Every structure is written in C-alpha cells, then in structure tokens.
Amino acid sequence: MMFSRLFGKKTKAPAEEKQHPGTLTTHTVEVRWDKWTPPGEKDVRSPCPAINSLANHGILPHSGKGITKAVAVEALTQAFNVDPKIANVFAASGIFANPDHNAHSFDLNHVSKHNYIEHDASLSRDDAAFGGGEKFHEESFDMVLKTYRETHSGKTDDEIMTDWVTAGHARWARILASKKKHDEAEKTWIYGIKEAIMSYGETSLYLNLLGKDGVAPLKWVKIFFGKFEYGQGERSVYLRMSLEQERLPYAEGWRPPTKFDQADLNHGYSEMMKGGEHGAEEAKLIGIGTLVGLKATILGLGASFIKTPSAH
Ligand code: HEM
C-alpha cells in the first residue's frame, strides 16, 4: 500500500489496545485553546508546528512523550476537525517513526528522523545537513516571509493576508535556497517525489488549518510556526511566553476549520499550481519531467497516500 511503500512496512500490532511498557495511557484529550505553556526542559518537540502546538496547548501530552495512536487521532479530529482517515494516517506515521518497533506510541522527537517524514527544504527548519530538524530556524522562515512581503510591498506584516499562489511561491523559494545551500557546501540534497508531495502537503495543511480558502492573516502564520513578534501592548500579556510560540492564534481570532479533509488538501494543491511558473522546473528537479506529470503526481499520489489506511 502507498503509505507502507513510502515509509517502509511495519508488522501489524497484535492488538491495538495492548500497550507497550512505558507508554503513556493516562492522557485525556481536552481541547482548551486558552491553555498554552512553552515546552519545559524535559519536554520533547518535533519539526512539525501543528503537533508541537497541540502539545503546547496540552491537547497532546505536554511532555510530547508516549503518544498512542488513539490519542493522536482524537487530538487531530477534535482540535482541528481533521478527517478521521487522514488523522489515522498521520497518527500511524508517528508510531512508525518510533525506533522501538514494538512500541504502540511515539514521542514527538521520534518524527525528526531525517528522510522519513522530515525532509530538506522545510519552511521553518534548517536542513539536517546543517544541524536542522526540530527547532524553528529564523533564516529559513524569513525566506517564506520575504516572499509574502515582496508580493505585498508597502504593507506591514500585520496587514498582509496569505493566499495560495504566494504560499506556493514561498514553498518554491525555500526549495531553491535549500538546494543552493547544499550545492555550495557540497552536501547531498534529497528532494524527490516523496519530498515534493510532503512539501505541497505541508503548505496546503497550514493554510487549510489557519485560513479560509488559503486566506489568513500572516501574523497567524508567524504565531503558528513560532515566529511571534511582540506588537505594542502585547508584551505584558505574552511576557511569560517564549519567543518560540508554536500555538494556534485563538486569542487573535482563529477558530478551527469546520471541515478538513482530502478535498480541502487537493484544493490547496490545485490553487498553488495555478501560480506555478516554477512547476516545469520542479518537475525536472524531481525526475518527473513535465508539468503535467508533476500535477498528476501531487494530485494523484498525494491523495492516495492519505486515503490509504495505515498498516497499524
Ligand atoms: C501525528 C500527526 C503529524 C505528524 C507525525 C507530523 C509530522 C511532521 C513532520 C515530521 C514534519 C517535518 C517535515 C519537514 O521536514 O518539513 C512536519 C511538518 C509539517 N507539518 Fe506535520 N505532522 C502531523 C500532523 C500535522 C497536521 C495535522 C498539520 C496541519 C494541520 C501539520 C502541519 C505541518 C506543517 C505545516 C509542516 C511544515 C513545517 C515546515 O516546513 O517548517 N502536521 N510534520
């Protein structure tokens, strides 16, 4: 099946409910957006701003540890209204990442494993060859912001609203920069079909999560990814929060999407491709050859990847 083909097969657990020693079984998913605390010293986090935010809000265990598939599915469906099929695939990918192949839970930092889900050319993380991974990386994310700022010159960040086409260009800017950085340092850069699917997927995910048809305040995107800049009057409210936010901007007016399924993700891919002057170049880069091939891959493979139930 597609999922196991991309990530490698893992033996089916004998019984889903059977817990591996050491897993956390006591966490109850409670969606309270007003609760938020930064990770403590012993807490672990991942390269994913979504699951990190859920842990910071206490919806996933704040420790980031011992997350069972059931807890991950419940958190994603209840907090974000993610379609259960998609939530199951995501949750299973977390379990697959656990280096203990008998485990039925994962810790957030397990998903940092390079070239599994974590890949080069992330929006907000440096590449693995340069020590990147879990932590927010200012320089990388500033490239994303630069694309939004150039498209909306004359506006402040607080005035800029996102859109699919600009988000697609920001994604491409990161890919080019990541390639250049590897080439210059003579390091191996990996960006193929799987990474392209992930990359389109992640941009579609964040704009579906934060926006209405791709339109969200850029400020919310910054809060979600972890680049929060204090505005006037905000300092006292947020003083106790670290600069690395990774939170959902509920206080600023964000509300979870009422529907978050494959059709929404596909819509994001198609809209991004409308602004895809770089599409042909990307197609060549990942060895697909033509723009038509790229579109078929992202819309076809990307979708079946999510639709396929996991082996767990
Ligand atoms: C259990 C569920 C999930 C797991 C295990 C997971 C895992 C990951 C991993 C490993 C990455 C790093 C990829 C990279 O190298 O850039 C990532 C990135 C990302 N994830 Fe998740 N994810 C999950 C759910 C979600 C959900 C529900 C959303 C949004 C609604 C989301 C949004 C993102 C975004 C936007 C990125 C890109 C970050 C960047 O490029 O800087 N993820 N995720």
# chains A, B, ... in the order shown; residues from 1 in each chain; ligands from 1
>>> residues_around(residues="segment 207-219 of chain A", least_positions_apart="3", cutoff="6 Å", atoms="only C-alpha atoms", output="VMD selection string")
chain A and resid 158 160 to 164 204 222
>>> select_by_dssp(residues="segment 105-212 of chain A", states="helix (DSSP H, G or I)", output="PyMOL selection string")
chain A and resi 108-112+128-130+138-151+157-159+164-185+193-210
>>> residues_near_ligand(ligand="ligand 1", cutoff="7 Å", atoms="only C-alpha atoms and all ligand atoms", output="PyMOL selection string")
chain A and resi 46-51+72+76+82+87+90-91+93-94+111-112+117-125+133+202-203+205-206+209
>>> write_last_selection(atoms="C-alpha atoms", output="compact mmCIF listing (two decimals), in the first residue's frame")
# COMPACT_ATOMS: atom_id res chain seq x y z
CA SER A 46 9.18 17.79 16.64
CA PRO A 47 9.81 19.54 13.32
CA CYS A 48 6.01 19.87 12.97
CA PRO A 49 4.46 23.12 14.17
CA ALA A 50 0.99 21.50 14.33
CA ILE A 51 1.74 18.68 16.74
CA ALA A 72 -3.14 11.38 18.30
CA LEU A 76 -6.32 15.83 15.48
CA VAL A 82 -9.20 16.61 10.64
CA ALA A 87 -5.83 11.60 11.22
CA PHE A 90 -0.79 10.87 10.37
CA ALA A 91 -1.02 9.15 13.74
CA SER A 93 3.21 7.73 10.72
CA GLY A 94 4.13 8.90 14.23
CA VAL A 111 9.37 12.04 13.92
CA SER A 112 12.53 14.11 13.38
CA ILE A 117 8.78 12.40 7.11
CA GLU A 118 11.35 15.09 7.92
CA HIS A 119 12.88 16.33 4.70
CA ASP A 120 15.09 19.01 3.19
CA ALA A 121 13.63 22.39 2.18
CA SER A 122 11.28 22.82 5.14
CA LEU A 123 9.54 26.13 5.58
CA SER A 124 10.65 26.79 9.12
CA ARG A 125 13.50 24.42 9.85
CA GLY A 133 15.38 19.43 12.37
CA GLU A 202 2.53 20.87 4.37
CA THR A 203 1.70 24.17 2.72
CA LEU A 205 -2.09 21.84 5.61
CA TYR A 206 -1.08 25.11 7.21
CA LEU A 209 -5.74 24.96 9.13
>>> select_by_dssp(residues="segment 35-176 of chain A", states="strand (DSSP E or B)", output="list in words")
Ile67, Thr68, Val82, Ser105, Phe106, His114, Glu118 and Met161 of chain A
>>> write_last_selection(atoms="N, CA and C atoms", output="CSV table (one decimal), in the first residue's frame")
chain,number,residue,atom,x,y,z
A,67,ILE,N,2.8,9.1,23.0
A,67,ILE,CA,1.5,9.5,22.3
A,67,ILE,C,1.0,8.2,21.6
A,68,THR,N,-0.1,7.7,22.0
A,68,THR,CA,-0.7,6.5,21.4
A,68,THR,C,-1.4,7.0,20.1
A,82,VAL,N,-9.8,17.4,11.7
A,82,VAL,CA,-9.2,16.6,10.6
A,82,VAL,C,-10.0,15.4,10.4
A,105,SER,N,3.3,3.6,20.7
A,105,SER,CA,3.2,5.1,21.0
A,105,SER,C,4.4,5.7,20.4
A,106,PHE,N,4.5,7.0,20.3
A,106,PHE,CA,5.7,7.7,19.9
A,106,PHE,C,5.9,9.0,20.7
A,114,HIS,N,15.5,11.9,9.8
A,114,HIS,CA,15.7,12.5,8.5
A,114,HIS,C,15.3,11.6,7.4
A,118,GLU,N,10.5,13.9,7.9
A,118,GLU,CA,11.3,15.1,7.9
A,118,GLU,C,12.2,15.1,6.6
A,161,MET,N,-2.3,39.5,4.2
A,161,MET,CA,-3.1,38.2,4.2
A,161,MET,C,-2.5,37.2,3.2
>>> residues_around(residues="Lys227 of chain A", least_positions_apart="5", cutoff="10 Å", atoms="only C-alpha atoms", output="list in words")
Ser124, Phe136, His137, Glu138, Phe141, Asp142, Lys219, Trp220, Val221, Lys222, Leu243, Glu244, Gln245 and Glu246 of chain A
>>> closest_residue(among="A:Asn115, A:Leu299, A:Phe224, A:Glu30", to="Ala263 of chain A", atoms="only C-alpha atoms")
A:Leu299
>>> closest_residue(among="A:Ser53, A:Asn98, A:Thr151, A:Thr166", to="Lys113 of chain A", atoms="only C-alpha atoms")
A:Asn98
>>> closest_residue(among="A:Trp172, A:Phe96, A:Phe130, A:Tyr191", to="Thr147 of chain A", atoms="only C-alpha atoms")
A:Trp172
>>> closest_residue(among="A:Ala103, A:Leu265, A:Val44, A:Val31", to="Thr77 of chain A", atoms="only C-alpha atoms")
A:Val31
>>> closest_residue(among="A:Lys187, A:Glu150, A:Asp127, A:Pro249", to="Arg174 of chain A", atoms="only C-alpha atoms")
A:Asp127
>>> closest_residue(among="A:Lys85, A:Arg149, A:Arg247, A:Arg171", to="Lys35 of chain A", atoms="only C-alpha atoms")
A:Arg247
